[in-house]
Amino acid sequence: MVGREKELKIHFVPGHVQLLQDDASIPEKRVLVTGATGLLGRAVFKEFKLYDWNAVGCRYNRARPDFVRVNLLDFAAVRKLLQDFKPHVIIHCAAERRPDVVENEFEAATQLNVAASGNLAKEAGMVGAFLIYISTDYVFDGRKPPYREDDSPNPLNLYGKTKLDGERAVLQNNQTATVLRVPVLYGDVEKLEESAVTIMFEKVQFSNKSANFDHWQQRFPTHVMDVAAVCRQLAERRMQDPSIKGIFHWSGNEQMTKFEMACAMADAFNLPSSHLRSITDSPVMGAPRPQNAQLDCSRLEKLGIGQRTPFLTGIKQCLWPFLIDKRWRQTVFH
């Protein structure tokens, strides 16, 4: 539905960002996306814009003048942004999501993953916005999969603990909010290191050197555009049905270890794979990981909500710009 109202535009000059109003015929549905410069945030922002939402993206570290720079730990700034924009929906993607970093920077991660999330949930309630908090399969210990939304969480690492504490802070501060748990993500990365999936591609391409990959932990790689679609579908359903709230799960349905993902990448581009080595022992380095934290997604599926991109299709689309052998850029899709 489109109507005549005040459009918020971003005016940027070095050291200052201002939201300006302008008369325009724009979508009446307004969404705020935190972490909008990140892998998932970019996909979410793009998805809502594609479906004619008036979207504002928040960022902090990455330089994107078309997004609002806001420190989510500055509670006064967060309140002003929400009071000015008055979003119908907030998708909270911003987080410290790297388990090994959280182990070493626990206090800072707790501030972002828990304190900022709880405050955002409270402020969302003040303006009547529907909040979707992005969480993780790492809230489970991986011993009895698949996990339903009401199964007891038991995180094995501090990252999972901060995200679980963030879930609780969100739902305590806003009983109409939603938590969306997702597994390891991949998609259109700006650099290979942006995803725990795509980072493996460099070793896959260098076939002159053997490369070891974990073949113990069971993962369910999920495309960020699928998660973005679920967020939009949830938001649109919620605008029709206020009973949409609480915890939901979404995940790809292809079970793969990192070794199997690496082999799939090689197959996607007809690259050699004989240099890839599987490691079947439980990892001893870094933060502990659950062996299999498969998410049961039936609650969303019963609502007719969901989208899944086959891994081979998705990984081929997002990795081809990083091919070292330029000849394959010409032939891989032909």
# chains A, B, ... in the order shown; residues from 1 in each chain; ligands from 1
$ residues_around --residues "Arg143 (chain A)" --least-positions-apart "5" --cutoff "8 Å" --atoms "only C-alpha atoms" --output "count of residues only"
4
$ residues_around --residues "region 93-99 of chain A" --least-positions-apart "6" --cutoff "10 Å" --atoms "only C-alpha atoms" --output "count of residues only"
45
$ closest_atom_pairs --of "region 137-246 of chain A" --to "region 294-299 of chain A" --cutoff "10 Å" --atoms "only C-alpha atoms" --output "CSV"
residue,atom,partner,partner_atom,distance
A:Asp137,CA,A:Leu295,CA,6.8
A:Tyr138,CA,A:Gln294,CA,9.7
A:Phe140,CA,A:Gln294,CA,9.1
A:Gly142,CA,A:Gln294,CA,7.5
A:Arg143,CA,A:Gln294,CA,9.9
A:Lys144,CA,A:Gln294,CA,8.9
A:Pro145,CA,A:Gln294,CA,5.5
A:Pro146,CA,A:Gln294,CA,4.8
A:Tyr147,CA,A:Leu295,CA,4.9
A:Arg148,CA,A:Asp296,CA,5.1
A:Glu149,CA,A:Asp296,CA,7.6
A:Arg181,CA,A:Leu295,CA,8.2
A:Val182,CA,A:Leu295,CA,7.8
A:Pro183,CA,A:Leu295,CA,7.9
A:Gln218,CA,A:Gln294,CA,8.1
A:Arg219,CA,A:Gln294,CA,7.4
A:Phe220,CA,A:Gln294,CA,7.1
$ closest_residue --among "A:Ala235, A:Leu271, A:Ala264, A:Val31" --to "Asn208 (chain A)" --atoms "only C-alpha atoms"
A:Leu271
$ residues_around --residues "Asp267 (chain A)" --least-positions-apart "4" --cutoff "12 Å" --atoms "only C-alpha atoms" --output "PyMOL selection string"
chain A and resi 201+204-205+260-263+271-274+311-313+315-316+332
$ select_by_dssp --residues "region 118-310 of chain A" --states "strand (DSSP E)" --output "list in words"
Phe130, Leu131, Ile132, Tyr133, Ile134, Ser135, Thr136, Thr178, Val179, Leu180, Arg181, Val182, Leu185, Tyr186, Ala211, Asn212, Phe213, Asp214, Thr222, His223, Gly246, Ile247, Phe248, His249, Leu276, Arg277, Ser278 and Ile279 of chain A
$ write_last_selection --atoms "C-alpha atoms" --output "PDB file, in the first residue's frame"
ATOM      1  CA  PHE A 130       7.765  -5.287  15.551  1.00  0.00           C
ATOM      2  CA  LEU A 131      11.320  -6.401  16.369  1.00  0.00           C
ATOM      3  CA  ILE A 132      13.022  -9.464  14.887  1.00  0.00           C
ATOM      4  CA  TYR A 133      16.198 -10.367  16.786  1.00  0.00           C
ATOM      5  CA  ILE A 134      18.591 -12.571  14.805  1.00  0.00           C
ATOM      6  CA  SER A 135      20.006 -15.364  16.954  1.00  0.00           C
ATOM      7  CA  THR A 136      21.937 -18.580  16.368  1.00  0.00           C
ATOM      8  CA  THR A 178      10.373 -12.300  17.707  1.00  0.00           C
ATOM      9  CA  VAL A 179      13.630 -14.253  17.879  1.00  0.00           C
ATOM     10  CA  LEU A 180      14.827 -15.873  14.648  1.00  0.00           C
ATOM     11  CA  ARG A 181      17.550 -18.493  15.135  1.00  0.00           C
ATOM     12  CA  VAL A 182      19.682 -19.292  12.092  1.00  0.00           C
ATOM     13  CA  LEU A 185      25.388 -18.080   6.807  1.00  0.00           C
ATOM     14  CA  TYR A 186      26.889 -17.340   3.414  1.00  0.00           C
ATOM     15  CA  ALA A 211      44.303 -28.234   2.925  1.00  0.00           C
ATOM     16  CA  ASN A 212      42.660 -29.677   6.028  1.00  0.00           C
ATOM     17  CA  PHE A 213      38.943 -29.174   6.672  1.00  0.00           C
ATOM     18  CA  ASP A 214      36.780 -30.203   9.594  1.00  0.00           C
ATOM     19  CA  THR A 222      22.048 -21.058   4.755  1.00  0.00           C
ATOM     20  CA  HIS A 223      21.961 -18.271   2.175  1.00  0.00           C
ATOM     21  CA  GLY A 246       8.151 -15.580  20.091  1.00  0.00           C
ATOM     22  CA  ILE A 247      10.917 -17.860  18.805  1.00  0.00           C
ATOM     23  CA  PHE A 248      11.269 -19.231  15.263  1.00  0.00           C
ATOM     24  CA  HIS A 249      13.913 -21.301  13.463  1.00  0.00           C
ATOM     25  CA  LEU A 276      41.420 -31.450   0.264  1.00  0.00           C
ATOM     26  CA  ARG A 277      41.821 -33.470   3.469  1.00  0.00           C
ATOM     27  CA  SER A 278      39.116 -34.390   5.987  1.00  0.00           C
ATOM     28  CA  ILE A 279      39.730 -34.114   9.739  1.00  0.00           C
TER      29      ILE A 279
END
$ atom_distance --atom1 "CA of His88 (chain A)" --atom2 "CA of Ser251 (chain A)"
25.4 Å
$ select_by_dssp --residues "region 25-193 of chain A" --states "alpha helix (DSSP H)" --output "ChimeraX atom specification"
/A:39-50,75-85,99-104,106-110,116-127,158-173
$ write_last_selection --atoms "C-alpha atoms" --output "short mmCIF file (atom, residue, chain, number, x, y, z; two decimals), in the first residue's frame"
data_model
loop_
_atom_site.label_atom_id
_atom_site.label_comp_id
_atom_site.auth_asym_id
_atom_site.auth_seq_id
_atom_site.Cartn_x
_atom_site.Cartn_y
_atom_site.Cartn_z
CA LEU A 39 26.56 -9.81 5.23
CA LEU A 40 23.05 -10.51 6.52
CA GLY A 41 22.12 -6.87 7.01
CA ARG A 42 22.84 -6.01 3.37
CA ALA A 43 20.62 -8.87 2.21
CA VAL A 44 17.80 -7.86 4.57
CA PHE A 45 17.96 -4.21 3.49
CA LYS A 46 17.92 -5.23 -0.18
CA GLU A 47 14.98 -7.61 0.32
CA PHE A 48 12.75 -5.03 1.98
CA LYS A 49 13.63 -2.35 -0.60
CA LEU A 50 12.79 -4.82 -3.37
CA PHE A 75 20.71 4.59 24.13
CA ALA A 76 19.73 8.24 23.68
CA ALA A 77 20.74 8.15 20.01
CA VAL A 78 18.81 4.92 19.48
CA ARG A 79 15.70 6.45 21.06
CA LYS A 80 15.95 9.56 18.88
CA LEU A 81 16.36 7.49 15.71
CA LEU A 82 13.31 5.36 16.46
CA GLN A 83 11.22 8.35 17.54
CA ASP A 84 12.13 10.21 14.33
CA PHE A 85 11.67 7.34 11.88
CA PRO A 99 32.82 -17.24 18.51
CA ASP A 100 36.58 -16.98 18.93
CA VAL A 101 36.42 -13.17 19.17
CA VAL A 102 33.71 -13.39 21.85
CA GLU A 103 35.91 -15.72 23.89
CA ASN A 104 38.60 -13.02 23.98
CA PHE A 106 33.47 -11.20 26.24
CA GLU A 107 32.52 -7.92 27.95
CA ALA A 108 32.38 -5.93 24.71
CA ALA A 109 30.42 -8.72 23.00
CA THR A 110 27.98 -8.84 25.91
CA ALA A 116 22.06 -3.13 23.16
CA SER A 117 19.53 -5.76 22.11
CA GLY A 118 17.48 -5.45 25.28
CA ASN A 119 17.41 -1.67 24.96
CA LEU A 120 16.43 -1.83 21.30
CA ALA A 121 13.56 -4.17 22.20
CA LYS A 122 12.35 -1.73 24.87
CA GLU A 123 12.52 1.23 22.49
CA ALA A 124 10.79 -0.78 19.76
CA GLY A 125 7.90 -1.34 22.13
CA MET A 126 7.71 2.39 22.84
CA VAL A 127 7.07 3.18 19.15
CA LEU A 158 30.44 -17.69 25.17
CA TYR A 159 29.09 -16.57 21.80
CA GLY A 160 26.10 -18.86 22.20
CA LYS A 161 25.69 -17.63 25.78
CA THR A 162 25.62 -13.95 24.76
CA LYS A 163 23.09 -14.65 22.01
CA LEU A 164 20.89 -16.64 24.39
CA ASP A 165 21.13 -13.86 26.96
CA GLY A 166 20.25 -11.45 24.15
CA GLU A 167 17.15 -13.49 23.31
CA ARG A 168 16.04 -13.33 26.93
CA ALA A 169 16.73 -9.60 27.19
CA VAL A 170 14.70 -8.96 24.02
CA LEU A 171 11.70 -11.03 25.10
CA GLN A 172 11.76 -9.67 28.65
CA ASN A 173 11.73 -6.09 27.38
#
$ residues_around --residues "Val230 (chain A)" --least-positions-apart "2" --cutoff "8 Å" --atoms "only C-alpha atoms" --output "list in words"
Asp226, Val227, Ala228, Arg232, Gln233, Leu234, Trp250, Ile305, Gly306 and Gln307 of chain A
$ closest_residue --among "A:Cys318, A:Ala177, A:Leu192, A:Leu300" --to "Ala129 (chain A)" --atoms "only C-alpha atoms"
A:Ala177
$ closest_residue --among "A:Glu254, A:Asp74, A:Glu236, A:Asp241" --to "Arg30 (chain A)" --atoms "only C-alpha atoms"
A:Glu236
$ decode --residues "region 273-287 of chain A" --atoms "all heavy atoms" --output "compact mmCIF listing (two decimals), in the first residue's frame"
# COMPACT_ATOMS: atom_id res chain seq x y z
N SER A 273 40.10 -31.46 -6.41
CA SER A 273 39.75 -31.61 -4.99
C SER A 273 40.63 -32.62 -4.28
O SER A 273 40.43 -32.88 -3.09
CB SER A 273 38.29 -32.01 -4.85
OG SER A 273 38.04 -33.25 -5.51
N SER A 274 41.62 -33.19 -4.99
CA SER A 274 42.45 -34.23 -4.37
C SER A 274 43.32 -33.69 -3.25
O SER A 274 43.81 -34.46 -2.41
CB SER A 274 43.33 -34.88 -5.44
OG SER A 274 44.16 -33.92 -6.08
N HIS A 275 43.52 -32.36 -3.20
CA HIS A 275 44.35 -31.77 -2.14
C HIS A 275 43.56 -31.50 -0.86
O HIS A 275 44.14 -31.11 0.15
CB HIS A 275 44.97 -30.47 -2.63
CG HIS A 275 43.98 -29.38 -2.90
ND1 HIS A 275 43.01 -29.47 -3.86
CD2 HIS A 275 43.80 -28.16 -2.30
CE1 HIS A 275 42.28 -28.38 -3.87
NE2 HIS A 275 42.73 -27.57 -2.93
N LEU A 276 42.26 -31.71 -0.91
CA LEU A 276 41.42 -31.45 0.26
C LEU A 276 41.45 -32.65 1.20
O LEU A 276 41.24 -33.78 0.77
CB LEU A 276 39.98 -31.14 -0.18
CG LEU A 276 39.83 -30.03 -1.23
CD1 LEU A 276 38.36 -29.85 -1.59
CD2 LEU A 276 40.44 -28.72 -0.72
N ARG A 277 41.68 -32.40 2.49
CA ARG A 277 41.82 -33.47 3.47
C ARG A 277 40.75 -33.31 4.56
O ARG A 277 40.50 -32.21 5.05
CB ARG A 277 43.21 -33.43 4.13
CG ARG A 277 44.36 -33.58 3.14
CD ARG A 277 44.56 -35.03 2.73
NE ARG A 277 45.74 -35.21 1.91
CZ ARG A 277 45.76 -35.18 0.60
NH1 ARG A 277 44.63 -34.96 -0.06
NH2 ARG A 277 46.88 -35.37 -0.08
N SER A 278 40.15 -34.43 4.95
CA SER A 278 39.12 -34.39 5.99
C SER A 278 39.73 -34.69 7.35
O SER A 278 40.55 -35.60 7.50
CB SER A 278 38.01 -35.40 5.67
OG SER A 278 38.51 -36.72 5.70
N ILE A 279 39.31 -33.92 8.36
CA ILE A 279 39.73 -34.11 9.74
C ILE A 279 38.49 -34.52 10.54
O ILE A 279 37.56 -33.72 10.71
CB ILE A 279 40.34 -32.83 10.33
CG1 ILE A 279 41.50 -32.33 9.47
CG2 ILE A 279 40.78 -33.08 11.77
CD1 ILE A 279 42.65 -33.30 9.36
N THR A 280 38.48 -35.75 11.01
CA THR A 280 37.28 -36.29 11.65
C THR A 280 37.29 -36.16 13.18
O THR A 280 36.28 -36.47 13.82
CB THR A 280 37.09 -37.77 11.28
OG1 THR A 280 38.26 -38.50 11.66
CG2 THR A 280 36.86 -37.92 9.78
N ASP A 281 38.38 -35.72 13.75
CA ASP A 281 38.45 -35.55 15.20
C ASP A 281 37.75 -34.26 15.63
O ASP A 281 37.68 -33.29 14.87
CB ASP A 281 39.91 -35.49 15.67
CG ASP A 281 40.65 -36.79 15.42
OD1 ASP A 281 39.98 -37.83 15.41
OD2 ASP A 281 41.87 -36.75 15.23
N SER A 282 37.26 -34.25 16.85
CA SER A 282 36.66 -33.05 17.40
C SER A 282 37.72 -31.95 17.51
O SER A 282 38.84 -32.22 17.96
CB SER A 282 36.08 -33.34 18.79
OG SER A 282 35.67 -32.17 19.42
N PRO A 283 37.42 -30.72 17.08
CA PRO A 283 38.40 -29.64 17.14
C PRO A 283 38.86 -29.37 18.57
O PRO A 283 38.06 -29.42 19.51
CB PRO A 283 37.64 -28.44 16.58
CG PRO A 283 36.52 -29.02 15.78
CD PRO A 283 36.15 -30.29 16.47
N VAL A 284 40.15 -29.11 18.71
CA VAL A 284 40.70 -28.83 20.04
C VAL A 284 41.09 -27.37 20.20
O VAL A 284 41.37 -26.92 21.31
CB VAL A 284 41.94 -29.72 20.32
CG1 VAL A 284 41.54 -31.18 20.39
CG2 VAL A 284 43.02 -29.50 19.26
N MET A 285 41.10 -26.62 19.10
CA MET A 285 41.47 -25.21 19.13
C MET A 285 40.22 -24.34 19.06
O MET A 285 39.23 -24.71 18.45
CB MET A 285 42.40 -24.87 17.95
CG MET A 285 43.70 -25.67 17.94
SD MET A 285 44.80 -25.24 19.31
CE MET A 285 45.29 -23.60 18.79
N GLY A 286 40.31 -23.15 19.67
CA GLY A 286 39.22 -22.19 19.58
C GLY A 286 38.06 -22.52 20.50
O GLY A 286 38.10 -23.47 21.30
N ALA A 287 37.00 -21.73 20.37
CA ALA A 287 35.81 -21.93 21.20
C ALA A 287 35.15 -23.26 20.86
O ALA A 287 35.12 -23.66 19.71
CB ALA A 287 34.82 -20.79 20.97
